[in-house]
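Undergrad: The structure under discussion is supplied below as structure tokens; questions concerning it will follow.
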Amino acid sequence: MFLFQLRNELWKLFGKKRTYIGFLIFVLGQTLIVMLFRFAAGPGRQMTRLLELNGFSAQEYISTLTVATFMLFPIAYLLLPLFVSLVGGDFVAKEAEDGTLRMILARPVTRLRLLGVKWAAGAVFALFLSLALGVTGLTLAALGFHWGGLFVANPGEPFSVFGPTAGWHHYVAAHLMLSFKAVTIMSLAFMFSCFNVKPATATILALSFVFVNSILQNIPYFSDFTPWFLTYHLDLWRQMFTQPVPWWKIFQSLSLLAGFNLTFFVTGATAFFLRDIKT
Amino acid sequence: MIPIHRKAILTGAIILAAGWTLAIGGYTLAGNSRMSVEKLRRYIVSVDIAALSADNRRAAVDQLAEKLNTLTPDERHRARIECPWTRWFPTLNAPAREKLIEATLPDDIENMLTAFDYLPDDLQRRALDESLRRLRADQSLIQTNRELAPVSDDLKKELLQTGLNDYFTTATAQEKATIAPLLEELHQMMETGAMFRGRERF
């Protein structure tokens, strides 16, 4: 029954045009980056210089994987949270705003089941969006660049260099980890959506929470508190591009993200349970 | 009879307490699995390399390299400067020592050596000076390995004359061990782009 309800929720979610905004903007942004990098002289020259000064062949490392990866960083930081919180903030608040929540709850379904199905649909969307980001990035980069090794200038970390096969594995793993970030931000927006607020308010509250965390994390004097910020753990996907992969750090972040997701869901569910929807 | 609203809040609180207990448990467990220089040192002390057969020595060296490669960049840097594995040297023959040195050098050291030889002479000299300065500063902060001879000015001249790559290819195991910490410093400077960004500072 749960899977049947989930299928219907997904049907409803993917039936809305706004669900596809994220996918569309990713493609537009990535196209622009690939074209600029391919046809403008400056960016390619800068990367060639950086690679050659570090003893790496620009011919081998300015590749599909490298281009797809450097596009990933800004998009994963800025656009991905925006689109997952946009969808997460809609789940309950939009139903309440449209007046369809009462009708749904008139059916023999518990509030917890309803929220469970909606959260699961949001998690599926977040996973799709993260993987789509990887697929479109790779496809567009492949149109302008050859298949080769992966060079990653990970902000705040040493450079990482991988052969084509290892690079591909790291790229896929990074996107799987990125989906945890997407699911967590979606859960946060989902939690706000369970309160008596407009969908836009839920989205903005979730984004504000993430950005405030990010601001605090990036203040140099607060570096001792870094592991206490949610955004530090949301960035676990970046660890997949370091050599060697610090698995202990990834499992630490996964444990805490599981705790955060549970907190967001339980807080949202409690608030929703306490809400008076009938009057 | 607990009112239904209070029951919902209580249930939520209990679920959260249980969930966070598990999450913090997972966090602690993952943190404890982290490799450190101290654990590496303990491993080196715990292995009586002289008593091992050739196959077991090889396995011990492989295990050491594996442990070293799971260290965080900072700890790895510290371990490579300290080189605690040199205490195994007296019981190892020359090929085994060489294997140990190679296993404990950064994976892409060959790229670094080649890239270094392509740099202009002036930049090579300044990069070596800066690496030596950093190495001495690092060594003054950590427990230095007394078995390693410091890099002398004569050796520095020889490195510049011969070329880092050629010197390293033809060096003996002991010579490699001596310059390994310097190579590590150079590698870190090149890897982090410090050389590229701070050219004017050399």
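Labels for the structure tokens follow display order: chains A, B, ..., residues from 1 in each chain, ligands from 1.
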Report the residues of stretch 11-183 of chain B whose backbone DSSP state falls under helix (DSSP H, G or I), written as an MDAnalysis selection string.

TA: chainID B and resid 11:32 37:46 49:51 54:69 73:82 84:91 94:104 109:118 121:141 153:162 164:170 173:183

Undergrad: Per residue of chain B within 8 Å of chain A, note the shortest atom pair and the distance in Å to one decimal, counting only C-alpha atoms, and order the rows by chain and increasing residue number, as a Markdown table.

TA:
| residue | atom | partner | partner_atom | distance |
| --- | --- | --- | --- | --- |
| B:His5 | CA | A:Leu274 | CA | 6.3 |
| B:Ala8 | CA | A:Thr270 | CA | 6.3 |
| B:Ile9 | CA | A:Thr270 | CA | 6.4 |
| B:Gly12 | CA | A:Val266 | CA | 5.9 |
| B:Ile15 | CA | A:Val266 | CA | 7.8 |
| B:Leu16 | CA | A:Thr263 | CA | 6.2 |
| B:Gly19 | CA | A:Gly259 | CA | 6.1 |
| B:Trp20 | CA | A:Gly259 | CA | 5.5 |
| B:Leu22 | CA | A:Ser255 | CA | 8.0 |
| B:Ala23 | CA | A:Ser255 | CA | 4.8 |
| B:Ile24 | CA | A:Leu256 | CA | 7.0 |
| B:Gly26 | CA | A:Ser255 | CA | 5.5 |
| B:Tyr27 | CA | A:Gln252 | CA | 4.3 |
| B:Thr28 | CA | A:Gln252 | CA | 7.4 |
| B:Ala30 | CA | A:Trp248 | CA | 4.8 |
| B:Gly31 | CA | A:Trp248 | CA | 5.9 |
| B:Ser33 | CA | A:Trp248 | CA | 6.3 |
| B:Arg34 | CA | A:Trp248 | CA | 5.8 |
| B:Asn69 | CA | A:Pro244 | CA | 6.4 |
| B:Thr70 | CA | A:Pro244 | CA | 6.2 |
| B:Leu71 | CA | A:Pro246 | CA | 8.0 |
| B:Thr72 | CA | A:Pro246 | CA | 7.1 |
| B:Asn111 | CA | A:Gly55 | CA | 5.4 |
| B:Met112 | CA | A:Gly55 | CA | 5.7 |
| B:Thr114 | CA | A:Gly55 | CA | 6.5 |
| B:Ala115 | CA | A:Gly55 | CA | 4.0 |
| B:Phe116 | CA | A:Gly55 | CA | 7.4 |
| B:Leu119 | CA | A:Leu53 | CA | 7.9 |
| B:Gln188 | CA | A:Pro158 | CA | 7.9 |
| B:Met190 | CA | A:Asn54 | CA | 5.8 |
| B:Glu191 | CA | A:Pro158 | CA | 5.6 |
| B:Thr192 | CA | A:Pro158 | CA | 4.6 |
| B:Gly193 | CA | A:Asn54 | CA | 7.7 |
| B:Phe196 | CA | A:Leu53 | CA | 7.0 |

Undergrad: Since we have the selection now, will you write its residues out, keeping C-alpha atoms, as a JSON list (two decimals), in the first residue's frame?

TA:
[["chain", "number", "residue", "atom", "x", "y", "z"],
["B", 5, "HIS", "CA", -1.12, 16.43, 22.19],
["B", 8, "ALA", "CA", 2.59, 13.26, 20.42],
["B", 9, "ILE", "CA", 5.30, 15.57, 21.77],
["B", 12, "GLY", "CA", 8.59, 12.67, 19.19],
["B", 15, "ILE", "CA", 12.21, 8.97, 18.98],
["B", 16, "LEU", "CA", 14.65, 11.88, 18.71],
["B", 19, "GLY", "CA", 17.79, 8.50, 17.00],
["B", 20, "TRP", "CA", 20.48, 10.89, 18.25],
["B", 22, "LEU", "CA", 22.42, 6.06, 17.49],
["B", 23, "ALA", "CA", 23.71, 8.95, 15.38],
["B", 24, "ILE", "CA", 26.26, 10.03, 18.01],
["B", 26, "GLY", "CA", 27.89, 6.09, 14.75],
["B", 27, "TYR", "CA", 29.82, 9.37, 14.78],
["B", 28, "THR", "CA", 32.04, 8.23, 17.64],
["B", 30, "ALA", "CA", 33.61, 6.36, 12.79],
["B", 31, "GLY", "CA", 35.93, 8.80, 14.58],
["B", 33, "SER", "CA", 38.35, 4.13, 13.18],
["B", 34, "ARG", "CA", 40.47, 7.08, 12.04],
["B", 69, "ASN", "CA", 47.62, 6.25, 2.98],
["B", 70, "THR", "CA", 44.53, 6.42, 5.18],
["B", 71, "LEU", "CA", 45.96, 9.27, 7.28],
["B", 72, "THR", "CA", 44.54, 12.77, 6.85],
["B", 111, "ASN", "CA", 54.92, 13.50, -11.63],
["B", 112, "MET", "CA", 56.30, 15.90, -9.07],
["B", 114, "THR", "CA", 59.40, 15.40, -13.55],
["B", 115, "ALA", "CA", 57.55, 18.70, -13.08],
["B", 116, "PHE", "CA", 60.27, 20.00, -10.79],
["B", 119, "LEU", "CA", 60.99, 24.43, -13.70],
["B", 188, "GLN", "CA", 53.01, 19.50, -0.55],
["B", 190, "MET", "CA", 53.32, 21.86, -5.43],
["B", 191, "GLU", "CA", 50.16, 19.96, -4.56],
["B", 192, "THR", "CA", 48.58, 22.87, -2.70],
["B", 193, "GLY", "CA", 49.62, 25.34, -5.38],
["B", 196, "PHE", "CA", 52.34, 28.67, -8.05]]

Undergrad: Restricting the calculation to only C-alpha atoms: of A:Trp119, A:Tyr61, A:Tyr20, A:Phe83, which residue gets closest to A:Gln5?

TA: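 When distances to A:Gln5 are compared using only C-alpha atoms, the smallest one comes from A:Trp119.
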
Undergrad: Given the choices A:Asp235, A:Asp276, A:Asp98, A:Glu9, which gets closest to A:Ala123 if the distance is worked out from only C-alpha atoms?

TA: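 For A:Ala123, the nearest of the given residues is A:Glu9.
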
Undergrad: Near A:Ile75, within 10 Å and counting only C-alpha atoms, which residues show up once chain neighbours fewer than 6 positions away are dropped, as number ranges by chain?

TA: A: 25-26, 29-30, 81-82, 133

Undergrad: Keeping only N, CA and C atoms, take the residues you just selected and write them out as an mmCIF file, in the first residue's frame.

TA:
data_model
loop_
_atom_site.group_PDB
_atom_site.id
_atom_site.type_symbol
_atom_site.label_atom_id
_atom_site.label_comp_id
_atom_site.auth_asym_id
_atom_site.auth_seq_id
_atom_site.Cartn_x
_atom_site.Cartn_y
_atom_site.Cartn_z
ATOM 1 N N ILE A 25 17.328 24.440 -15.282
ATOM 2 C CA ILE A 25 18.364 25.432 -14.932
ATOM 3 C C ILE A 25 19.750 24.774 -14.891
ATOM 4 N N PHE A 26 19.805 23.538 -14.433
ATOM 5 C CA PHE A 26 21.098 22.835 -14.425
ATOM 6 C C PHE A 26 21.654 22.752 -15.839
ATOM 7 N N GLY A 29 22.738 26.250 -17.091
ATOM 8 C CA GLY A 29 23.973 26.684 -16.411
ATOM 9 C C GLY A 29 25.175 25.905 -16.913
ATOM 10 N N GLN A 30 25.013 24.598 -17.026
ATOM 11 C CA GLN A 30 26.139 23.764 -17.448
ATOM 12 C C GLN A 30 26.513 24.046 -18.901
ATOM 13 N N PRO A 81 20.599 23.339 -3.455
ATOM 14 C CA PRO A 81 19.764 23.625 -2.268
ATOM 15 C C PRO A 81 18.498 24.393 -2.626
ATOM 16 N N LEU A 82 18.623 25.296 -3.604
ATOM 17 C CA LEU A 82 17.466 26.102 -3.994
ATOM 18 C C LEU A 82 16.333 25.225 -4.528
ATOM 19 N N LEU A 133 22.069 15.926 -12.232
ATOM 20 C CA LEU A 133 23.141 16.919 -12.280
ATOM 21 C C LEU A 133 24.424 16.279 -12.808
#

Undergrad: Which neighbours of stretch 52-58 of chain B fall inside 10 Å, counting only C-alpha atoms, when residues of the same chain fewer than 5 positions from it are skipped, and could you give them as number ranges by chain?

TA: B: 47, 63-64, 92, 96, 99-100

Undergrad: Excluding stretch 140-149 of chain A and residues on its chain fewer than 2 positions from it, collect all residues at most 9 Å away from it, counting only C-alpha atoms, and give them as an mmCIF file with N, CA and C atoms, in the first residue's frame.

TA:
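Output below, filename part.cif:
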data_model
loop_
_atom_site.group_PDB
_atom_site.id
_atom_site.type_symbol
_atom_site.label_atom_id
_atom_site.label_comp_id
_atom_site.auth_asym_id
_atom_site.auth_seq_id
_atom_site.Cartn_x
_atom_site.Cartn_y
_atom_site.Cartn_z
ATOM 1 N N VAL A 27 20.784 22.346 -16.773
ATOM 2 C CA VAL A 27 21.237 22.183 -18.160
ATOM 3 C C VAL A 27 21.686 23.533 -18.732
ATOM 4 N N GLN A 30 25.013 24.598 -17.026
ATOM 5 C CA GLN A 30 26.139 23.764 -17.448
ATOM 6 C C GLN A 30 26.513 24.046 -18.901
ATOM 7 N N THR A 31 25.497 24.290 -19.736
ATOM 8 C CA THR A 31 25.778 24.605 -21.144
ATOM 9 C C THR A 31 26.614 25.877 -21.235
ATOM 10 N N VAL A 34 30.221 25.155 -20.061
ATOM 11 C CA VAL A 34 30.985 24.367 -21.043
ATOM 12 C C VAL A 34 31.369 25.239 -22.231
ATOM 13 N N MET A 35 30.415 26.053 -22.712
ATOM 14 C CA MET A 35 30.702 26.891 -23.883
ATOM 15 C C MET A 35 31.785 27.920 -23.576
ATOM 16 N N ARG A 38 35.068 26.146 -23.307
ATOM 17 C CA ARG A 38 35.522 25.568 -24.585
ATOM 18 C C ARG A 38 35.995 26.652 -25.551
ATOM 19 N N GLN A 59 46.779 18.074 -21.706
ATOM 20 C CA GLN A 59 46.109 17.289 -22.746
ATOM 21 C C GLN A 59 45.302 16.147 -22.121
ATOM 22 N N GLU A 60 45.888 15.522 -21.107
ATOM 23 C CA GLU A 60 45.210 14.371 -20.502
ATOM 24 C C GLU A 60 44.132 14.789 -19.502
ATOM 25 N N TYR A 61 44.411 15.886 -18.772
ATOM 26 C CA TYR A 61 43.512 16.197 -17.660
ATOM 27 C C TYR A 61 42.451 17.253 -17.937
ATOM 28 N N ILE A 62 42.553 17.979 -19.054
ATOM 29 C CA ILE A 62 41.413 18.853 -19.382
ATOM 30 C C ILE A 62 40.447 17.961 -20.160
ATOM 31 N N SER A 63 39.602 17.312 -19.434
ATOM 32 C CA SER A 63 38.784 16.233 -19.992
ATOM 33 C C SER A 63 37.322 16.392 -19.574
ATOM 34 N N THR A 64 36.497 15.474 -20.092
ATOM 35 C CA THR A 64 35.072 15.451 -19.753
ATOM 36 C C THR A 64 34.865 15.434 -18.241
ATOM 37 N N LEU A 65 35.609 14.536 -17.559
ATOM 38 C CA LEU A 65 35.420 14.385 -16.113
ATOM 39 C C LEU A 65 35.835 15.637 -15.355
ATOM 40 N N THR A 66 36.961 16.243 -15.770
ATOM 41 C CA THR A 66 37.441 17.442 -15.080
ATOM 42 C C THR A 66 36.441 18.589 -15.241
ATOM 43 N N VAL A 67 35.962 18.767 -16.468
ATOM 44 C CA VAL A 67 35.027 19.869 -16.718
ATOM 45 C C VAL A 67 33.706 19.622 -15.978
ATOM 46 N N ALA A 68 33.207 18.385 -16.048
ATOM 47 C CA ALA A 68 31.943 18.065 -15.355
ATOM 48 C C ALA A 68 32.093 18.284 -13.856
ATOM 49 N N VAL A 135 24.616 13.431 -14.644
ATOM 50 C CA VAL A 135 24.438 12.925 -16.021
ATOM 51 C C VAL A 135 24.502 14.082 -17.022
ATOM 52 N N THR A 136 23.785 15.172 -16.735
ATOM 53 C CA THR A 136 23.792 16.299 -17.682
ATOM 54 C C THR A 136 25.190 16.939 -17.749
ATOM 55 N N GLY A 137 25.851 17.031 -16.603
ATOM 56 C CA GLY A 137 27.198 17.613 -16.587
ATOM 57 C C GLY A 137 28.145 16.808 -17.461
ATOM 58 N N LEU A 138 28.066 15.502 -17.305
ATOM 59 C CA LEU A 138 28.964 14.624 -18.060
ATOM 60 C C LEU A 138 28.636 14.667 -19.557
ATOM 61 N N PHE A 151 41.088 15.878 -12.847
ATOM 62 C CA PHE A 151 41.879 16.791 -12.016
ATOM 63 C C PHE A 151 40.886 17.632 -11.217
ATOM 64 N N VAL A 161 44.256 14.076 -8.321
ATOM 65 C CA VAL A 161 44.379 13.642 -9.701
ATOM 66 C C VAL A 161 44.053 12.158 -9.775
ATOM 67 N N PHE A 162 43.194 11.793 -10.728
ATOM 68 C CA PHE A 162 42.805 10.389 -10.874
ATOM 69 C C PHE A 162 42.903 9.993 -12.352
ATOM 70 N N GLY A 163 43.148 8.724 -12.606
ATOM 71 C CA GLY A 163 43.083 8.198 -13.972
ATOM 72 C C GLY A 163 41.623 8.160 -14.397
ATOM 73 N N PRO A 164 41.361 7.873 -15.694
ATOM 74 C CA PRO A 164 39.964 7.911 -16.166
ATOM 75 C C PRO A 164 39.015 6.985 -15.398
ATOM 76 N N THR A 165 39.458 5.745 -15.139
ATOM 77 C CA THR A 165 38.555 4.792 -14.473
ATOM 78 C C THR A 165 38.318 5.184 -13.016
ATOM 79 N N ALA A 166 39.426 5.478 -12.320
ATOM 80 C CA ALA A 166 39.281 5.881 -10.905
ATOM 81 C C ALA A 166 38.482 7.180 -10.821
ATOM 82 N N GLY A 167 38.746 8.092 -11.754
ATOM 83 C CA GLY A 167 38.037 9.373 -11.774
ATOM 84 C C GLY A 167 36.543 9.181 -11.937
ATOM 85 N N TRP A 168 36.175 8.266 -12.816
ATOM 86 C CA TRP A 168 34.757 7.957 -13.044
ATOM 87 C C TRP A 168 34.115 7.405 -11.776
#

Undergrad: Enumerate the residues of stretch 66-184 of chain A with a DSSP assignment of strand (DSSP E), computed from the backbone, and present them as an MDAnalysis selection string.

TA: chainID A and resid 150:152 160:162

Undergrad: Could you write those residues out with N, CA and C atoms, as a tab-separated table (two decimals), in the first residue's frame?

TA:
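See again02.tsv below for the written result:
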chain	number	residue	atom	x	y	z
A	150	LEU	N	40.93	12.76	-14.32
A	150	LEU	CA	40.18	13.76	-13.56
A	150	LEU	C	41.14	14.57	-12.69
A	151	PHE	N	41.09	15.88	-12.85
A	151	PHE	CA	41.88	16.79	-12.02
A	151	PHE	C	40.89	17.63	-11.22
A	152	VAL	N	41.02	17.62	-9.90
A	152	VAL	CA	40.08	18.37	-9.06
A	152	VAL	C	40.83	19.36	-8.18
A	160	SER	N	43.65	16.98	-6.42
A	160	SER	CA	43.54	15.53	-6.55
A	160	SER	C	43.57	15.18	-8.02
A	161	VAL	N	44.26	14.08	-8.32
A	161	VAL	CA	44.38	13.64	-9.70
A	161	VAL	C	44.05	12.16	-9.78
A	162	PHE	N	43.19	11.79	-10.73
A	162	PHE	CA	42.81	10.39	-10.87
A	162	PHE	C	42.90	9.99	-12.35

Undergrad: Nearest to A:His175 among A:Ala132, A:Met191, A:Ala200, A:Leu13, with distances taken over only C-alpha atoms: which residue is it?

TA: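 Checking each of A:Ala132, A:Met191, A:Ala200, A:Leu13 against A:His175, counting only C-alpha atoms, the winner is A:Ala132.
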
Undergrad: Fewer than 4 positions away in the same chain doesn't count, so skip those; otherwise give me all residues within 9 Å of A:Ala76, counting only C-alpha atoms, as a list of chain:residue names.

TA: A:Met71, A:Leu72, A:Leu80, A:Pro81, A:Ser130, A:Leu133, A:Leu178, A:Ala182

Undergrad: Can you tell me how far atom CA of B:Ala171 sits from atom CA of B:Leu159, in Å to one decimal?

TA: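 Between atom CA of B:Ala171 and atom CA of B:Leu159 the gap is 10.8 Å.
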
Undergrad: Give the answer as one residue: which of A:Phe195, A:Phe23, A:Phe39, A:Tyr171 has the shortest atom-to-atom distance to A:Phe241, using only C-alpha atoms?

TA: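 Using only C-alpha atoms, the shortest distance to A:Phe241 belongs to A:Tyr171.
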